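Chemist: Handing over upload-v1.txt, compact mmCIF, C-alpha atoms and all ligand atoms.
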```txt
# COMPACT_ATOMS: atom_id res chain seq x y z
CA MET A 1 11.63 52.94 -3.90
CA GLY A 2 11.20 49.16 -4.20
CA ASP A 3 8.19 47.41 -5.68
CA ILE A 4 5.24 46.89 -3.41
CA THR A 5 3.62 43.46 -3.49
CA LYS A 6 -0.02 43.41 -2.51
CA ILE A 7 -1.11 40.22 -0.74
CA ASP A 8 -4.81 39.47 -0.37
CA ALA A 9 -5.98 37.33 2.51
CA ASN A 10 -8.16 34.37 1.61
CA LEU A 11 -11.00 35.20 3.99
CA ALA A 12 -13.02 32.11 3.11
CA ALA A 13 -10.07 29.92 4.10
CA VAL A 14 -9.54 31.90 7.32
CA ASN A 15 -13.20 31.41 8.21
CA GLN A 16 -12.93 27.67 7.55
CA ILE A 17 -9.95 27.47 9.91
CA ILE A 18 -11.83 29.46 12.54
CA SER A 19 -14.97 27.36 12.31
CA ALA A 20 -12.97 24.11 12.52
CA GLY A 21 -11.64 25.07 15.96
CA GLY A 22 -8.94 27.62 15.10
CA ASP A 23 -10.88 30.66 16.31
CA THR A 24 -7.89 32.00 18.26
CA VAL A 25 -5.64 32.26 15.21
CA LYS A 26 -5.91 36.04 14.86
CA ARG A 27 -4.51 36.65 18.33
CA CYS A 28 -1.01 35.61 17.24
CA TYR A 29 1.50 38.48 17.04
CA GLN A 30 4.40 36.37 15.80
CA CYS A 31 6.61 36.37 18.88
CA ALA A 32 7.84 32.83 18.00
CA THR A 33 7.70 31.56 21.58
CA CYS A 34 5.67 28.59 20.31
CA SER A 35 8.32 27.46 17.82
CA SER A 36 11.04 27.68 20.42
CA VAL A 37 9.13 25.63 23.03
CA CYS A 38 7.68 23.03 20.63
CA PRO A 39 9.46 19.76 21.49
CA LEU A 40 8.66 18.25 18.10
CA ALA A 41 9.60 21.03 15.68
CA PRO A 42 12.83 20.24 13.82
CA ASP A 43 15.52 22.96 13.63
CA GLU A 44 15.49 22.91 9.82
CA ALA A 45 11.73 23.60 9.61
CA PRO A 46 10.41 24.97 12.91
CA PHE A 47 6.68 25.22 13.60
CA PRO A 48 4.02 26.44 14.50
CA ARG A 49 4.77 30.22 14.27
CA LYS A 50 5.03 30.19 10.49
CA GLN A 51 1.84 28.14 10.17
CA MET A 52 0.01 30.62 12.42
CA LEU A 53 1.00 33.43 10.07
CA LEU A 54 -0.08 31.48 7.00
CA ALA A 55 -3.36 30.61 8.71
CA GLN A 56 -4.02 34.27 9.55
CA TRP A 57 -3.78 35.04 5.84
CA GLY A 58 -5.67 31.94 4.79
CA PHE A 59 -2.83 30.63 2.62
CA LYS A 60 -4.50 27.28 2.27
CA GLU A 61 -2.31 25.81 -0.47
CA LYS A 62 0.88 26.47 1.47
CA LEU A 63 -0.58 25.04 4.66
CA LEU A 64 -1.91 21.92 3.01
CA SER A 65 1.44 21.15 1.42
CA ASP A 66 3.26 21.50 4.74
CA PRO A 67 4.03 18.24 6.63
CA SER A 68 4.54 20.24 9.85
CA ILE A 69 0.80 20.39 10.49
CA TRP A 70 0.84 16.59 10.78
CA LEU A 71 4.08 16.36 12.74
CA CYS A 72 2.36 18.34 15.51
CA HIS A 73 0.84 15.94 18.06
CA GLN A 74 -1.27 18.61 19.77
CA CYS A 75 0.77 18.22 22.93
CA GLY A 76 -0.13 21.76 23.94
CA ASP A 77 3.31 23.03 25.01
CA CYS A 78 3.01 25.95 22.61
CA THR A 79 -0.50 26.73 23.84
CA LYS A 80 0.74 26.74 27.44
CA TYR A 81 3.47 29.30 26.76
CA CYS A 82 1.80 31.47 24.11
CA PRO A 83 1.58 34.98 25.61
CA ARG A 84 -1.50 35.78 23.51
CA ASN A 85 -3.48 32.60 24.22
CA ALA A 86 -3.59 32.06 20.46
CA ARG A 87 -3.65 28.29 21.08
CA PRO A 88 -1.40 27.27 18.17
CA GLY A 89 -1.79 23.58 19.00
CA ASP A 90 -5.55 23.84 18.48
CA VAL A 91 -5.10 25.90 15.32
CA LEU A 92 -2.87 23.19 13.86
CA ALA A 93 -5.51 20.60 14.74
CA SER A 94 -8.05 22.62 12.74
CA LEU A 95 -5.56 22.82 9.84
CA ARG A 96 -5.29 19.03 9.83
CA LEU A 97 -9.06 18.81 9.50
CA GLN A 98 -8.92 21.28 6.61
CA ALA A 99 -6.16 19.29 4.94
CA THR A 100 -8.24 16.12 5.21
CA ARG A 101 -11.22 17.93 3.71
CA GLU A 102 -9.16 19.14 0.75
CA LEU A 103 -7.45 15.82 0.07
CA VAL A 104 -10.49 13.55 0.12
CA PRO A 105 -13.43 13.74 -2.33
CA PHE A 106 -17.12 14.04 -1.34
CA LYS A 107 -16.66 17.06 0.94
CA PHE A 108 -20.27 16.86 2.13
CA MET A 109 -19.27 13.72 4.04
CA HIS A 110 -16.58 15.72 5.82
CA THR A 111 -19.24 18.28 6.78
CA LEU A 112 -21.51 15.52 8.10
CA TYR A 113 -18.71 13.97 10.12
CA ASN A 114 -17.65 17.19 11.77
CA ASN A 115 -21.00 18.65 12.84
CA LEU A 116 -23.41 17.26 15.41
CA TRP A 117 -26.38 17.79 13.09
CA GLY A 118 -24.70 15.46 10.59
CA LEU A 119 -24.74 12.45 12.93
CA PRO A 120 -28.36 11.32 12.29
CA ILE A 121 -27.73 11.67 8.55
CA LEU A 122 -24.60 9.54 8.83
CA ILE A 123 -26.55 6.87 10.70
CA LEU A 124 -29.22 6.94 7.97
CA ILE A 125 -26.53 6.58 5.29
CA ALA A 126 -25.07 3.61 7.17
CA LEU A 127 -28.53 2.03 7.51
CA ALA A 128 -29.29 2.65 3.83
CA ILE A 129 -26.28 0.48 2.97
CA ILE A 130 -26.46 -2.07 5.79
CA LEU A 131 -30.19 -2.90 5.81
CA PRO A 132 -30.60 -3.96 2.15
CA ILE A 133 -27.54 -6.21 2.49
CA MET A 134 -28.93 -7.56 5.76
CA PHE A 135 -32.33 -8.33 4.18
CA LEU A 136 -30.64 -9.92 1.19
CA THR A 137 -28.31 -12.18 3.16
CA PHE A 138 -30.87 -13.10 5.84
CA GLN A 139 -33.43 -13.81 3.11
CA GLY A 140 -36.01 -11.37 4.44
CA VAL A 141 -36.44 -9.01 7.37
CA PRO A 142 -34.96 -10.76 10.43
CA SER A 143 -36.33 -10.20 13.93
CA LEU A 144 -33.86 -8.19 16.01
CA SER A 145 -35.41 -9.49 19.24
CA ASP A 146 -34.83 -13.12 18.29
CA PRO A 147 -31.11 -14.06 18.23
CA THR A 148 -31.86 -17.19 16.19
CA SER A 149 -33.27 -14.87 13.50
CA PHE A 150 -30.54 -12.19 13.81
CA PRO A 151 -27.58 -12.40 14.01
CA TYR A 152 -27.36 -16.18 14.60
CA SER A 153 -29.67 -17.24 11.79
CA PRO A 154 -29.23 -20.83 10.52
CA VAL A 155 -29.12 -19.52 6.91
CA HIS A 156 -25.82 -20.57 5.27
CA TYR A 157 -24.33 -19.99 1.82
CA LYS A 158 -22.08 -22.40 -0.02
CA ILE A 159 -19.95 -20.32 -2.37
CA GLY A 160 -17.24 -22.41 -4.00
CA PHE A 161 -15.21 -23.95 -1.19
CA MET A 162 -16.64 -21.48 1.34
CA ASP A 163 -19.53 -22.11 3.69
CA LEU A 164 -20.70 -18.77 5.07
CA PRO A 165 -23.34 -18.09 7.71
CA ALA A 166 -25.65 -15.20 6.75
CA ARG A 167 -24.04 -12.73 9.17
CA VAL A 168 -20.55 -13.51 7.85
CA LEU A 169 -21.65 -12.98 4.24
CA MET A 170 -23.45 -9.80 5.30
CA ASN A 171 -20.30 -8.41 6.92
CA ASP A 172 -18.21 -9.38 3.90
CA LEU A 173 -20.59 -7.64 1.51
CA ILE A 174 -20.60 -4.49 3.64
CA PHE A 175 -16.99 -4.18 4.72
CA LEU A 176 -14.93 -5.59 1.84
CA PRO A 177 -16.21 -3.04 -0.75
CA LEU A 178 -16.03 -0.31 1.91
CA SER A 179 -12.38 -1.19 2.61
CA VAL A 180 -11.53 -1.12 -1.10
CA PHE A 181 -13.23 2.30 -1.41
CA ILE A 182 -11.31 3.70 1.58
CA ILE A 183 -7.95 2.29 0.45
CA ALA A 184 -8.39 3.65 -3.09
CA ILE A 185 -9.28 7.15 -1.91
CA MET A 186 -6.57 7.22 0.74
CA ALA A 187 -3.95 6.04 -1.74
CA ASN A 188 -4.86 8.95 -3.99
CA ALA A 189 -4.76 11.41 -1.06
CA VAL A 190 -1.36 10.14 0.08
CA SER A 191 0.03 10.43 -3.43
CA ARG A 192 -1.17 14.05 -3.77
CA MET A 193 0.15 14.88 -0.31
CA TRP A 194 3.56 13.37 -1.02
CA ASN A 195 3.94 15.19 -4.35
CA SER A 196 2.99 18.51 -2.77
CA TYR A 197 5.62 17.98 -0.06
CA LEU A 198 8.27 17.28 -2.69
CA GLU A 199 7.42 20.60 -4.34
CA THR A 200 7.23 22.56 -1.08
CA TYR A 201 10.66 21.37 0.01
CA LYS A 202 12.04 21.69 -3.53
CA ILE A 203 13.54 18.20 -3.46
CA PRO A 204 15.89 17.91 -6.47
CA GLN A 205 14.90 15.28 -9.04
CA ALA A 206 18.11 13.37 -8.34
CA TYR A 207 16.97 12.68 -4.77
CA ARG A 208 13.40 11.75 -5.52
CA ILE A 209 12.62 8.06 -5.17
CA GLY A 210 9.64 5.91 -6.17
CA TYR A 211 6.87 4.86 -3.81
CA ILE A 212 8.20 1.29 -3.53
CA ASP A 213 11.61 2.58 -2.41
CA VAL A 214 9.97 5.00 0.00
CA ILE A 215 8.00 2.14 1.56
CA LYS A 216 11.01 -0.20 1.63
CA THR A 217 13.30 2.39 3.25
CA TYR A 218 11.10 4.49 5.49
CA LEU A 219 7.87 2.67 6.34
CA ILE A 220 9.35 0.32 8.96
CA PRO A 221 11.34 3.07 10.79
CA ALA A 222 8.23 5.29 10.74
CA LEU A 223 6.03 2.50 12.10
CA LYS A 224 8.59 1.73 14.83
CA GLU A 225 8.51 5.37 15.85
CA ILE A 226 4.73 5.48 15.81
CA LEU A 227 4.39 2.25 17.81
CA ALA A 228 6.88 3.48 20.38
CA HIS A 229 5.14 6.89 20.47
CA SER A 230 8.61 8.42 20.59
CA ARG A 231 7.38 11.82 19.33
CA PHE A 232 4.37 11.80 21.65
CA GLU A 233 6.62 11.14 24.61
CA LYS A 234 8.57 14.34 24.03
CA CYS A 235 5.43 16.34 24.81
CA GLY A 236 5.23 18.28 28.04
CA ALA A 237 1.85 19.91 28.78
CA ASN A 238 -0.28 17.00 27.61
CA SER A 239 2.19 14.15 28.13
CA TRP A 240 -0.64 12.11 29.71
CA ARG A 241 -1.94 11.42 26.17
CA ALA A 242 0.97 9.16 25.15
CA ASN A 243 -0.01 6.12 27.23
CA PRO A 244 -3.76 5.90 26.47
CA HIS A 245 -3.07 6.73 22.82
CA LYS A 246 -0.51 3.92 22.67
CA MET A 247 -2.93 1.46 24.31
CA LEU A 248 -5.66 2.51 21.87
CA LEU A 249 -3.33 1.93 18.94
CA PHE A 250 -2.30 -1.50 20.26
CA GLY A 251 -5.99 -2.32 20.79
CA PHE A 252 -6.73 -1.45 17.16
CA ILE A 253 -3.77 -3.53 15.93
CA ILE A 254 -4.86 -6.59 17.93
CA LEU A 255 -8.47 -6.22 16.74
CA PHE A 256 -7.22 -5.88 13.16
CA ILE A 257 -5.30 -9.16 13.59
CA VAL A 258 -8.40 -10.78 15.13
CA THR A 259 -10.57 -9.60 12.21
CA GLY A 260 -8.06 -10.98 9.70
CA THR A 261 -7.87 -14.29 11.59
CA VAL A 262 -11.67 -14.59 11.76
CA PHE A 263 -11.90 -13.80 8.05
CA PHE A 264 -9.35 -16.52 7.27
CA LEU A 265 -10.79 -19.16 9.61
CA ALA A 266 -14.51 -18.48 9.07
CA ASP A 267 -14.64 -17.29 5.46
CA ILE A 268 -11.82 -19.17 3.82
CA LEU A 269 -11.56 -22.33 5.91
CA GLY A 270 -15.28 -22.40 6.76
CA MET A 271 -14.75 -23.01 10.50
CA HIS A 272 -18.19 -22.49 11.94
CA THR A 273 -18.91 -19.51 14.13
CA PRO A 274 -20.01 -18.33 16.67
CA TRP A 275 -17.14 -19.80 18.63
CA ASN A 276 -17.27 -20.56 22.33
CA PRO A 277 -17.00 -17.15 24.03
CA ILE A 278 -15.13 -18.58 27.02
CA THR A 279 -12.70 -21.09 25.55
CA HIS A 280 -11.86 -20.00 21.98
CA PRO A 281 -8.39 -18.40 21.74
CA VAL A 282 -9.45 -15.95 19.00
CA LYS A 283 -12.19 -14.67 21.31
CA TRP A 284 -9.60 -14.13 24.04
CA LEU A 285 -7.35 -12.24 21.68
CA GLY A 286 -10.39 -10.13 20.78
CA TYR A 287 -11.09 -9.47 24.48
CA ILE A 288 -7.50 -8.32 25.02
CA GLY A 289 -7.74 -6.00 21.99
CA GLY A 290 -11.13 -4.72 23.13
CA LEU A 291 -9.90 -4.07 26.68
CA LEU A 292 -6.87 -2.13 25.41
CA LEU A 293 -9.14 -0.16 23.10
CA LEU A 294 -11.54 0.73 25.89
CA TYR A 295 -8.72 1.49 28.33
CA GLY A 296 -7.16 3.82 25.76
CA VAL A 297 -10.32 5.59 24.71
CA ILE A 298 -11.61 6.06 28.28
CA GLY A 299 -8.16 7.40 29.24
CA LEU A 300 -8.29 9.87 26.37
CA ILE A 301 -11.85 10.99 27.16
CA THR A 302 -11.18 11.55 30.88
CA GLY A 303 -7.72 13.03 30.25
CA ARG A 304 -9.13 15.45 27.71
CA ASN A 305 -11.82 16.55 30.13
CA GLN A 306 -9.14 17.31 32.71
CA ALA A 307 -6.93 19.07 30.14
CA VAL A 308 -9.86 21.24 29.07
CA LEU A 309 -10.34 22.29 32.71
CA GLU A 310 -6.64 23.15 32.88
CA ASN A 311 -6.86 25.06 29.57
CA SER A 312 -4.05 23.04 27.93
CA LEU A 313 -6.33 21.47 25.30
CA ARG A 314 -9.62 22.17 23.66
CA THR A 315 -12.05 19.42 22.69
CA THR A 316 -13.99 20.14 19.52
CA TYR A 317 -16.97 18.16 18.28
CA SER A 318 -14.62 16.31 15.89
CA ASP A 319 -12.40 15.20 18.80
CA ALA A 320 -15.34 14.12 20.95
CA PHE A 321 -17.16 12.38 18.09
CA LEU A 322 -14.22 10.15 17.23
CA LEU A 323 -13.53 9.17 20.83
CA TRP A 324 -17.16 8.34 21.59
CA LEU A 325 -17.52 6.45 18.32
CA ILE A 326 -14.55 4.27 19.26
CA PHE A 327 -16.08 3.81 22.71
CA VAL A 328 -19.38 2.60 21.18
CA VAL A 329 -17.49 0.21 18.88
CA GLY A 330 -15.60 -1.19 21.89
CA ILE A 331 -18.60 -1.55 24.20
CA THR A 332 -20.95 -3.10 21.61
CA GLY A 333 -18.10 -5.36 20.45
CA PHE A 334 -17.82 -6.70 24.00
CA LEU A 335 -21.54 -7.00 24.64
CA ILE A 336 -22.10 -9.31 21.65
CA PRO A 337 -20.00 -12.33 22.80
CA LEU A 338 -20.72 -11.65 26.47
CA SER A 339 -24.46 -11.94 25.78
CA ARG A 340 -23.88 -15.68 25.41
CA ILE A 341 -22.27 -15.88 28.86
CA PHE A 342 -24.47 -13.39 30.73
CA THR A 343 -27.69 -14.45 29.09
CA PHE A 344 -30.04 -11.93 30.78
CA TYR A 345 -29.81 -9.61 27.76
CA TYR A 346 -29.36 -12.30 25.10
CA ASN A 347 -32.70 -11.42 23.45
CA TYR A 348 -31.38 -7.90 22.73
CA VAL A 349 -28.19 -9.05 21.04
CA GLY A 350 -29.72 -8.38 17.58
CA TYR A 351 -30.06 -4.68 18.40
CA ILE A 352 -26.55 -4.58 19.86
CA TYR A 353 -25.16 -6.35 16.80
CA LEU A 354 -26.83 -3.85 14.45
CA ALA A 355 -25.57 -0.91 16.56
CA HIS A 356 -22.07 -2.42 16.42
CA ILE A 357 -22.13 -2.75 12.64
CA ILE A 358 -23.35 0.84 12.24
CA ALA A 359 -20.61 2.11 14.58
CA VAL A 360 -17.89 0.07 12.82
CA PHE A 361 -19.16 1.29 9.44
CA LEU A 362 -18.93 4.91 10.60
CA LEU A 363 -15.51 4.29 12.14
CA PHE A 364 -14.18 2.80 8.89
CA LEU A 365 -15.44 5.79 6.89
CA SER A 366 -14.13 8.22 9.49
CA VAL A 367 -10.61 7.38 8.28
CA LEU A 368 -11.53 9.52 5.27
CA TYR A 369 -13.65 12.22 6.84
CA SER A 370 -12.65 12.85 10.45
CA LYS A 371 -9.51 13.48 12.46
CA PHE A 372 -9.03 9.69 12.30
CA SER A 373 -7.40 10.41 8.93
CA HIS A 374 -4.24 11.04 10.95
CA LEU A 375 -3.83 7.27 11.04
CA VAL A 376 -2.68 7.45 7.41
CA LEU A 377 -1.85 11.11 6.81
CA ARG A 378 0.34 11.64 9.87
CA THR A 379 2.13 8.38 9.06
CA THR A 380 2.80 9.81 5.59
CA ALA A 381 4.16 13.03 7.10
CA VAL A 382 6.41 11.10 9.50
CA ILE A 383 7.73 9.05 6.56
CA PHE A 384 8.37 12.27 4.63
CA ASP A 385 10.16 13.75 7.64
CA LEU A 386 12.53 10.75 7.81
CA TYR A 387 13.09 10.90 4.05
CA TYR A 388 13.69 14.67 4.08
CA LYS A 389 16.29 14.33 6.86
CA ASP A 390 18.15 11.81 4.70
CA VAL A 391 17.97 14.13 1.68
CA LEU A 392 19.38 16.99 3.75
CA LYS A 393 22.34 14.80 4.74
CA LYS A 394 23.12 14.16 1.06
CA LEU A 395 22.70 17.74 -0.15
S1 LIG B 401 1.06 31.61 18.46
FE1 LIG B 401 1.53 32.70 20.36
S2 LIG B 401 3.61 32.05 20.85
FE2 LIG B 401 3.27 31.57 18.69
S3 LIG B 401 4.03 33.30 17.58
FE3 LIG B 401 1.86 33.62 17.90
S4 LIG B 401 1.70 34.81 19.75
FE4 LIG B 401 3.75 33.96 19.72
S1 LIG B 402 0.90 21.36 20.07
FE1 LIG B 402 2.89 20.55 20.68
S2 LIG B 402 3.67 19.56 18.84
FE2 LIG B 402 2.01 20.90 18.21
S3 LIG B 402 3.02 22.80 17.63
FE3 LIG B 402 2.39 22.97 19.77
S4 LIG B 402 4.15 22.35 20.96
FE4 LIG B 402 4.47 21.65 18.88
```
Before we go any further, please render this structure as structure tokens.
Modeler:
Amino acid sequence: MGDITKIDANLAAVNQIISAGGDTVKRCYQCATCSSVCPLAPDEAPFPRKQMLLAQWGFKEKLLSDPSIWLCHQCGDCTKYCPRNARPGDVLASLRLQATRELVPFKFMHTLYNNLWGLPILILIALAIILPIMFLTFQGVPSLSDPTSFPYSPVHYKIGFMDLPARVLMNDLIFLPLSVFIIAIMANAVSRMWNSYLETYKIPQAYRIGYIDVIKTYLIPALKEILAHSRFEKCGANSWRANPHKMLLFGFIILFIVTGTVFFLADILGMHTPWNPITHPVKWLGYIGGLLLLYGVIGLITGRNQAVLENSLRTTYSDAFLLWLIFVVGITGFLIPLSRIFTFYYNYVGYIYLAHIIAVFLLFLSVLYSKFSHLVLRTTAVIFDLYYKDVLKKL
């Protein structure tokens, strides 16, 4: 008689998966229909049947070191055809949240981001950082109902060759350190993720390459794929998501370019803002980015609502939170410059400006603590997928 190996389920991990939206995981009876219908699963490493089994046992380490959970785009084809309604697409979404939680420090922030009761606490955290910097840069407590006090105060700072209005310095002091914090933590998460993938796929030392070579060889092809949404477009059940998601991504890219341009022109060159909201080209670029962002996010919100009715997708709090947060960023971002054209609400622009900064602050941090982490972590998995395919060709 052969040896018997006893395997213990990690019940705590199973419960985490269930509470993050994977409550149907136990229904799976391993028929493998999902892996055969998944349009994105590669032949050499099919998913999501295997991941469903690992999730049922709570094999967290194996799941977290598996790029497949990120290669899934929650298109819902597997959920549509699963005979047990085990909703593998939704289970994989919950695994991505778990992976994010494990890879990024300060887990309490992840808890706050993914539960409704955490929202007021997040807003208080944002205010605790924003308000002192606001009071410091505006040299006191500005009046939110007086636009000449906030945000368009005449207070300026001459720092070296720079001439910064108070609101510009305030934004710099808030968002530059925040960006450095996010980049440092994400870089560490990506490095851990990459190394765990190398071990999972047992990549021989001879085929391992340094980060610089990975970036030089695979980043551009991965970005091309992501920009074209070529994986998304293979989806069947929820194919409607590709277009609004693409528009949302383009909106973010344009707004990122606008932010960089404003930083260069206003901070470095000292070109005085606010610029004319009707005639300035950077404003127009911002409007185009904002419109794409709003078009994308409204398309995703309404499409999700429809998909939920059709049972092809489930919307968790984490999904809804991110979409509505982006919506608030987009709307408040528009209302600020438009208040100078449609002046009937100009006196409230201070409140809108503060709401916008809070929303942008939470959106920045959400890259670490919400499903928005897919911006970086799915990109890493796509890069690994391209790299692994090349390794297989050489083996
Ligand atoms: S998730 Fe559904 S389709 Fe996939 S193996 Fe389990 S029961 Fe079958
Ligand atoms: S949701 Fe779509 S991409 Fe994800 S496992 Fe299912 S079929 Fe594949």
Chemist: State, in Å with one decimal place, the distance from CA of Pro277 in chain A to CA of Leu335 in chain A.
Modeler: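 The value is 11.1 Å.
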Chemist: Please, which residues in chain A fall within 9 Å of ligand LIG 402 (chain B) when counting all atoms listed in the file, and what is the closest atom pair and distance in Å to one decimal for each, ordered by chain then residue number, as a tab-separated table?
Modeler:
```
residue	atom	partner	partner_atom	distance
A:Cys34	CA	B:LIG402	S4	6.5
A:Ser35	CA	B:LIG402	FE4	7.0
A:Ser36	CA	B:LIG402	S4	8.7
A:Val37	CA	B:LIG402	S4	6.3
A:Cys38	CA	B:LIG402	S4	3.6
A:Pro39	CA	B:LIG402	S4	5.9
A:Leu40	CA	B:LIG402	S2	5.2
A:Ala41	CA	B:LIG402	FE4	6.1
A:Phe47	CA	B:LIG402	S3	6.0
A:Pro48	CA	B:LIG402	S3	4.9
A:Arg49	CA	B:LIG402	S3	8.3
A:Ser68	CA	B:LIG402	S3	8.3
A:Ile69	CA	B:LIG402	FE2	7.8
A:Trp70	CA	B:LIG402	FE2	8.7
A:Leu71	CA	B:LIG402	S2	6.9
A:Cys72	CA	B:LIG402	FE2	3.7
A:His73	CA	B:LIG402	S2	4.7
A:Gln74	CA	B:LIG402	S1	3.5
A:Cys75	CA	B:LIG402	FE1	3.9
A:Gly76	CA	B:LIG402	S1	4.0
A:Asp77	CA	B:LIG402	S4	4.2
A:Cys78	CA	B:LIG402	S4	4.1
A:Thr79	CA	B:LIG402	FE3	6.2
A:Lys80	CA	B:LIG402	S4	8.5
A:Arg87	CA	B:LIG402	FE3	8.2
A:Pro88	CA	B:LIG402	FE3	6.0
A:Gly89	CA	B:LIG402	S1	3.6
A:Asp90	CA	B:LIG402	S1	7.1
A:Val91	CA	B:LIG402	S1	8.9
A:Leu92	CA	B:LIG402	FE2	6.9
A:Ala93	CA	B:LIG402	FE2	8.3
A:Arg231	CA	B:LIG402	S2	8.6
A:Phe232	CA	B:LIG402	S2	8.3
A:Lys234	CA	B:LIG402	S2	8.8
A:Cys235	CA	B:LIG402	FE1	6.4
A:Gly236	CA	B:LIG402	FE1	8.0
A:Ala237	CA	B:LIG402	FE1	8.2
A:Asn238	CA	B:LIG402	FE1	8.4
A:Leu313	CA	B:LIG402	S1	8.9
```
Chemist: Give me, as a tab-separated table, the closest atom pair and its distance (Å, one decimal) for every residue of chain A within a cut-off of 6 Å of ligand LIG 401 (chain B), counting all atoms listed in the file, rows sorted by chain and rising number.
Modeler:
```
residue	atom	partner	partner_atom	distance
A:Cys28	CA	B:LIG401	FE3	3.6
A:Tyr29	CA	B:LIG401	S4	4.6
A:Gln30	CA	B:LIG401	S3	3.6
A:Cys31	CA	B:LIG401	FE4	3.8
A:Ala32	CA	B:LIG401	S3	3.9
A:Thr33	CA	B:LIG401	S2	4.2
A:Cys34	CA	B:LIG401	S2	4.1
A:Arg49	CA	B:LIG401	S3	4.6
A:Cys82	CA	B:LIG401	S2	3.8
A:Pro83	CA	B:LIG401	FE1	5.7
A:Arg84	CA	B:LIG401	S4	5.0
A:Ala86	CA	B:LIG401	S1	5.1
A:Pro88	CA	B:LIG401	S1	5.0
```
Chemist: Taking C-alpha atoms for each residue, export the selection above as a PDB file, in the frame of the given file.
Modeler:
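Wrote part-v1.pdb, looks like this:
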```
ATOM      1  CA  CYS A  28      -1.010  35.610  17.240  1.00  0.00           C
ATOM      2  CA  TYR A  29       1.500  38.480  17.040  1.00  0.00           C
ATOM      3  CA  GLN A  30       4.400  36.370  15.800  1.00  0.00           C
ATOM      4  CA  CYS A  31       6.610  36.370  18.880  1.00  0.00           C
ATOM      5  CA  ALA A  32       7.840  32.830  18.000  1.00  0.00           C
ATOM      6  CA  THR A  33       7.700  31.560  21.580  1.00  0.00           C
ATOM      7  CA  CYS A  34       5.670  28.590  20.310  1.00  0.00           C
ATOM      8  CA  ARG A  49       4.770  30.220  14.270  1.00  0.00           C
ATOM      9  CA  CYS A  82       1.800  31.470  24.110  1.00  0.00           C
ATOM     10  CA  PRO A  83       1.580  34.980  25.610  1.00  0.00           C
ATOM     11  CA  ARG A  84      -1.500  35.780  23.510  1.00  0.00           C
ATOM     12  CA  ALA A  86      -3.590  32.060  20.460  1.00  0.00           C
ATOM     13  CA  PRO A  88      -1.400  27.270  18.170  1.00  0.00           C
TER      14      PRO A  88
END
```
Chemist: For a quick check of your reading of the model, name the residues lying within 12 Å of the coordinate (-11.6, 14.6, 3.0), counting all atoms listed in the file, and write them as a ChimeraX atom specification.
Modeler: /A:96-114,182,185-186,188-190,365-374,377
Chemist: With only C-alpha atoms as the atoms that count, which of A:Arg208, A:Arg192, A:Arg340, A:Lys216 lies nearest to Leu64 in chain A?
Modeler: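 Once distances to Leu64 in chain A are computed over only C-alpha atoms, the minimum belongs to A:Arg192.
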Chemist: Between CA of Tyr157 in chain A and CA of Gly330 in chain A, what is the spacing in Å?
Modeler: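 Value for the CA of Gly330 in chain A-CA of Tyr157 in chain A distance: 28.9 Å.
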Chemist: Env of Leu269 in chain A: 12 Å cut, atoms = all atoms listed in the file, seq-sep filter 2 positions within chain, self excluded. Answer as a list in words.
Modeler: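 Counting only the stated atoms, we get Ile159, Gly160, Phe161, Met162, Asp163, Leu164, Thr261, Val262, Phe263, Phe264, Leu265, Ala266, Asp267, Met271, His272 and Thr273 of chain A.
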Chemist: Go ahead and write the selection's residues with C-alpha atoms as a PDB file, in the frame of the given file.
Modeler:
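To be explicit, this is the file written out as out-v3.pdb:
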```
ATOM      1  CA  ILE A 159     -19.950 -20.320  -2.370  1.00  0.00           C
ATOM      2  CA  GLY A 160     -17.240 -22.410  -4.000  1.00  0.00           C
ATOM      3  CA  PHE A 161     -15.210 -23.950  -1.190  1.00  0.00           C
ATOM      4  CA  MET A 162     -16.640 -21.480   1.340  1.00  0.00           C
ATOM      5  CA  ASP A 163     -19.530 -22.110   3.690  1.00  0.00           C
ATOM      6  CA  LEU A 164     -20.700 -18.770   5.070  1.00  0.00           C
ATOM      7  CA  THR A 261      -7.870 -14.290  11.590  1.00  0.00           C
ATOM      8  CA  VAL A 262     -11.670 -14.590  11.760  1.00  0.00           C
ATOM      9  CA  PHE A 263     -11.900 -13.800   8.050  1.00  0.00           C
ATOM     10  CA  PHE A 264      -9.350 -16.520   7.270  1.00  0.00           C
ATOM     11  CA  LEU A 265     -10.790 -19.160   9.610  1.00  0.00           C
ATOM     12  CA  ALA A 266     -14.510 -18.480   9.070  1.00  0.00           C
ATOM     13  CA  ASP A 267     -14.640 -17.290   5.460  1.00  0.00           C
ATOM     14  CA  MET A 271     -14.750 -23.010  10.500  1.00  0.00           C
ATOM     15  CA  HIS A 272     -18.190 -22.490  11.940  1.00  0.00           C
ATOM     16  CA  THR A 273     -18.910 -19.510  14.130  1.00  0.00           C
TER      17      THR A 273
END
```
Chemist: As an exercise, work out the distance from CA of Gly296 in chain A to CA of Lys246 in chain A in Å and give it to one decimal place.
Modeler: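 A separation of 7.3 Å between them.
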Chemist: Hey, what's within 9 Å of range 115-127 of chain A if we count all atoms listed in the file and toss same-chain stuff fewer than 2 positions away? As a count of residues only, please?
Modeler: 17
Chemist: Smallest atom-to-atom distance to Leu54 in chain A: which of A:Leu95, A:Ile341, A:Leu219, A:Ala20, using only C-alpha atoms?
Modeler: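 For Leu54 in chain A, the nearest of the given residues is A:Leu95.
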Chemist: Write out as a list in words each polymer residue whose atoms come within 8 Å of range 148-153 of chain A, counting all atoms listed in the file; drop sequence neighbours fewer than 2 positions from it.
Modeler: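 My reading of the contact set: Phe138, Pro142, Ser143, Leu144, Ser145, Asp146, Val155, Pro165, Ala166, Arg167, Pro274, Val349, Gly350 and Tyr353 of chain A.
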